[in-house]
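Novice: Got a structure here, written out as structure tokens. Questions coming.
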Amino acid sequence: MGSSRYWYRQSENTEEQKEAKYRWTNVGEIMGIKVLVPKDGVKGKLPAFSNTPGTMYFKKNDKGKIDQLRIFIGRHSFIDIDWGHSHKGIPNGVAHVHTWRFNKLTQKMERTKDEFKLLSKYMIKKYGEYILGANPNVKWGM
Ligand SMILES: [Zn+2]
């Protein structure tokens with residue numbers, strides 16, 4: 001137990017399953033949300049699936065900063081709240097939402113890359129204190 005707990009990236013897609021070698025280590029908790037970092041120096045994304053339905057994970061990047069909160073519905077990724085990168089129109093440090101959708105062409109759940117939105121008041125109320133608990137410098141707008 002303890003540091004020997006791993007998360008395995010899973011997918012319904014067979015090709016991705018072959019590559020499902022991303023392992024994650026739980027390095028702590030912030031306000032009850034697990035903070036995961038990739039093991040073995042693998043630069044990666046948080047697991048797309050969780051064995052804990054409806055959970056949330058924080059991602060710690062390779063610079064040791066938390067830059068993402070991933071929220072699951074059931075065992076599937078539902079939304080990512082990111083603040084560690086910029087987009088046209090919003091600088092680094094501004095929290096914004098990327099939504100996961102089922103792509104009928106690829107038959108996979110995929111994250112919207114170029115499509116993002118700022119957090120609604122409802123979302124700030126619901127998730128804001130967790131995000132500020134991970135990084136008090138996160139902003140909700142420009
Ligand atoms: Zn983004």
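So you can find residues: chains in the structure tokens are A, B, ... in the order shown, residues in each start at 1, and ligands are numbered from 1 in order.
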Got a sec: who's within 12 Å of Ser120 of chain A, counting only C-alpha atoms, leaving out chain neighbours fewer than 3 positions off, as a ChimeraX atom specification?
Specialist: /A:81,95-97,116-117,123-128,140-141
Novice: 12 Å from ligand 1 is the threshold here; counting only C-alpha atoms and all ligand atoms, which polymer residues fall inside it? Answer as a ChimeraX atom specification.
Specialist: /A:67-69,79-99,111-119
Novice: May I have the residues from that selection written out with C-alpha atoms, as a tab-separated table (two decimals), in the first residue's frame?
Specialist:
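As written to disk, selection14.tsv reads:
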```tsv
chain	number	residue	atom	x	y	z
A	67	ASP	CA	-1.97	22.18	-13.33
A	68	GLN	CA	-5.14	20.13	-13.84
A	69	LEU	CA	-8.25	18.86	-12.09
A	79	ILE	CA	-14.24	17.45	-17.79
A	80	ASP	CA	-10.73	18.76	-17.30
A	81	ILE	CA	-10.14	22.08	-15.62
A	82	ASP	CA	-6.72	23.29	-16.77
A	83	TRP	CA	-4.65	26.34	-15.82
A	84	GLY	CA	-1.12	25.34	-16.85
A	85	HIS	CA	-1.25	26.41	-20.49
A	86	SER	CA	-2.54	29.25	-22.61
A	87	HIS	CA	-4.95	29.49	-25.52
A	88	LYS	CA	-5.60	32.24	-27.98
A	89	GLY	CA	-7.30	34.83	-25.81
A	90	ILE	CA	-6.41	33.44	-22.39
A	91	PRO	CA	-3.02	33.43	-20.72
A	92	ASN	CA	-1.38	30.70	-18.67
A	93	GLY	CA	-2.82	30.65	-15.15
A	94	VAL	CA	-6.47	31.17	-16.12
A	95	ALA	CA	-8.65	28.16	-15.30
A	96	HIS	CA	-10.71	26.85	-18.20
A	97	VAL	CA	-12.70	23.77	-19.08
A	98	HIS	CA	-12.10	21.09	-21.68
A	99	THR	CA	-14.95	18.62	-22.13
A	111	ARG	CA	-10.99	15.62	-25.15
A	112	THR	CA	-11.83	18.79	-27.01
A	113	LYS	CA	-8.48	20.40	-27.77
A	114	ASP	CA	-9.13	23.80	-29.24
A	115	GLU	CA	-12.55	24.15	-27.71
A	116	PHE	CA	-12.57	25.52	-24.21
A	117	LYS	CA	-14.62	27.78	-21.99
A	118	LEU	CA	-14.07	29.73	-18.83
A	119	LEU	CA	-15.61	28.37	-15.65
```
Novice: I'd like the neighbourhood of Met31 of chain A as JSON, numbers by chain, where a residue qualifies if any of its atoms comes within 12 Å (using only C-alpha atoms), though same-chain residues fewer than 3 positions away should be ignored.
Specialist: {"A": [28, 34, 35, 56, 57, 58, 127, 128, 129, 130, 131, 132, 133, 134]}
Novice: Atoms to include: N, CA and C atoms. Write the selected residues as a PDB file, in the first residue's frame.
Specialist:
```
ATOM      1  N   GLY A  28      -0.125  12.257  -2.790  1.00  0.00           N
ATOM      2  CA  GLY A  28      -0.747  12.965  -1.675  1.00  0.00           C
ATOM      3  C   GLY A  28      -2.177  13.320  -1.981  1.00  0.00           C
ATOM      4  N   LYS A  34      -6.996  13.098  -4.729  1.00  0.00           N
ATOM      5  CA  LYS A  34      -5.679  12.502  -4.935  1.00  0.00           C
ATOM      6  C   LYS A  34      -4.858  13.304  -5.940  1.00  0.00           C
ATOM      7  N   VAL A  35      -3.584  13.448  -5.640  1.00  0.00           N
ATOM      8  CA  VAL A  35      -2.646  14.108  -6.551  1.00  0.00           C
ATOM      9  C   VAL A  35      -1.799  13.022  -7.187  1.00  0.00           C
ATOM     10  N   MET A  56     -12.267  12.563  -8.597  1.00  0.00           N
ATOM     11  CA  MET A  56     -11.530  13.679  -9.182  1.00  0.00           C
ATOM     12  C   MET A  56     -10.050  13.437  -8.908  1.00  0.00           C
ATOM     13  N   TYR A  57      -9.210  13.836  -9.861  1.00  0.00           N
ATOM     14  CA  TYR A  57      -7.768  13.745  -9.653  1.00  0.00           C
ATOM     15  C   TYR A  57      -7.120  15.070  -9.993  1.00  0.00           C
ATOM     16  N   PHE A  58      -6.105  15.407  -9.229  1.00  0.00           N
ATOM     17  CA  PHE A  58      -5.216  16.493  -9.608  1.00  0.00           C
ATOM     18  C   PHE A  58      -4.025  15.906 -10.340  1.00  0.00           C
ATOM     19  N   TYR A 127     -16.084  23.978  -7.653  1.00  0.00           N
ATOM     20  CA  TYR A 127     -14.719  23.436  -7.706  1.00  0.00           C
ATOM     21  C   TYR A 127     -13.643  24.441  -7.301  1.00  0.00           C
ATOM     22  N   GLY A 128     -14.022  25.724  -7.180  1.00  0.00           N
ATOM     23  CA  GLY A 128     -13.036  26.772  -6.954  1.00  0.00           C
ATOM     24  C   GLY A 128     -12.155  26.572  -5.745  1.00  0.00           C
ATOM     25  N   GLU A 129     -12.735  26.152  -4.653  1.00  0.00           N
ATOM     26  CA  GLU A 129     -11.905  26.050  -3.444  1.00  0.00           C
ATOM     27  C   GLU A 129     -10.903  24.905  -3.547  1.00  0.00           C
ATOM     28  N   TYR A 130     -11.259  23.850  -4.276  1.00  0.00           N
ATOM     29  CA  TYR A 130     -10.293  22.768  -4.491  1.00  0.00           C
ATOM     30  C   TYR A 130      -9.122  23.265  -5.335  1.00  0.00           C
ATOM     31  N   ILE A 131      -9.476  24.001  -6.410  1.00  0.00           N
ATOM     32  CA  ILE A 131      -8.446  24.481  -7.322  1.00  0.00           C
ATOM     33  C   ILE A 131      -7.520  25.471  -6.614  1.00  0.00           C
ATOM     34  N   LEU A 132      -8.098  26.385  -5.854  1.00  0.00           N
ATOM     35  CA  LEU A 132      -7.264  27.343  -5.117  1.00  0.00           C
ATOM     36  C   LEU A 132      -6.468  26.644  -4.022  1.00  0.00           C
ATOM     37  N   GLY A 133      -6.988  25.517  -3.522  1.00  0.00           N
ATOM     38  CA  GLY A 133      -6.227  24.722  -2.560  1.00  0.00           C
ATOM     39  C   GLY A 133      -4.989  24.114  -3.187  1.00  0.00           C
ATOM     40  N   ALA A 134      -5.061  23.850  -4.489  1.00  0.00           N
ATOM     41  CA  ALA A 134      -3.913  23.289  -5.210  1.00  0.00           C
ATOM     42  C   ALA A 134      -2.974  24.378  -5.705  1.00  0.00           C
TER      43      ALA A 134
END
```
Novice: Counting only C-alpha atoms, figure out which residue out of A:Asn61, A:Gly54, A:Leu46, A:Ile66 gets nearest to Glu29 of chain A.
Specialist: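 The shortest atom-to-atom distance to Glu29 of chain A comes from A:Ile66.
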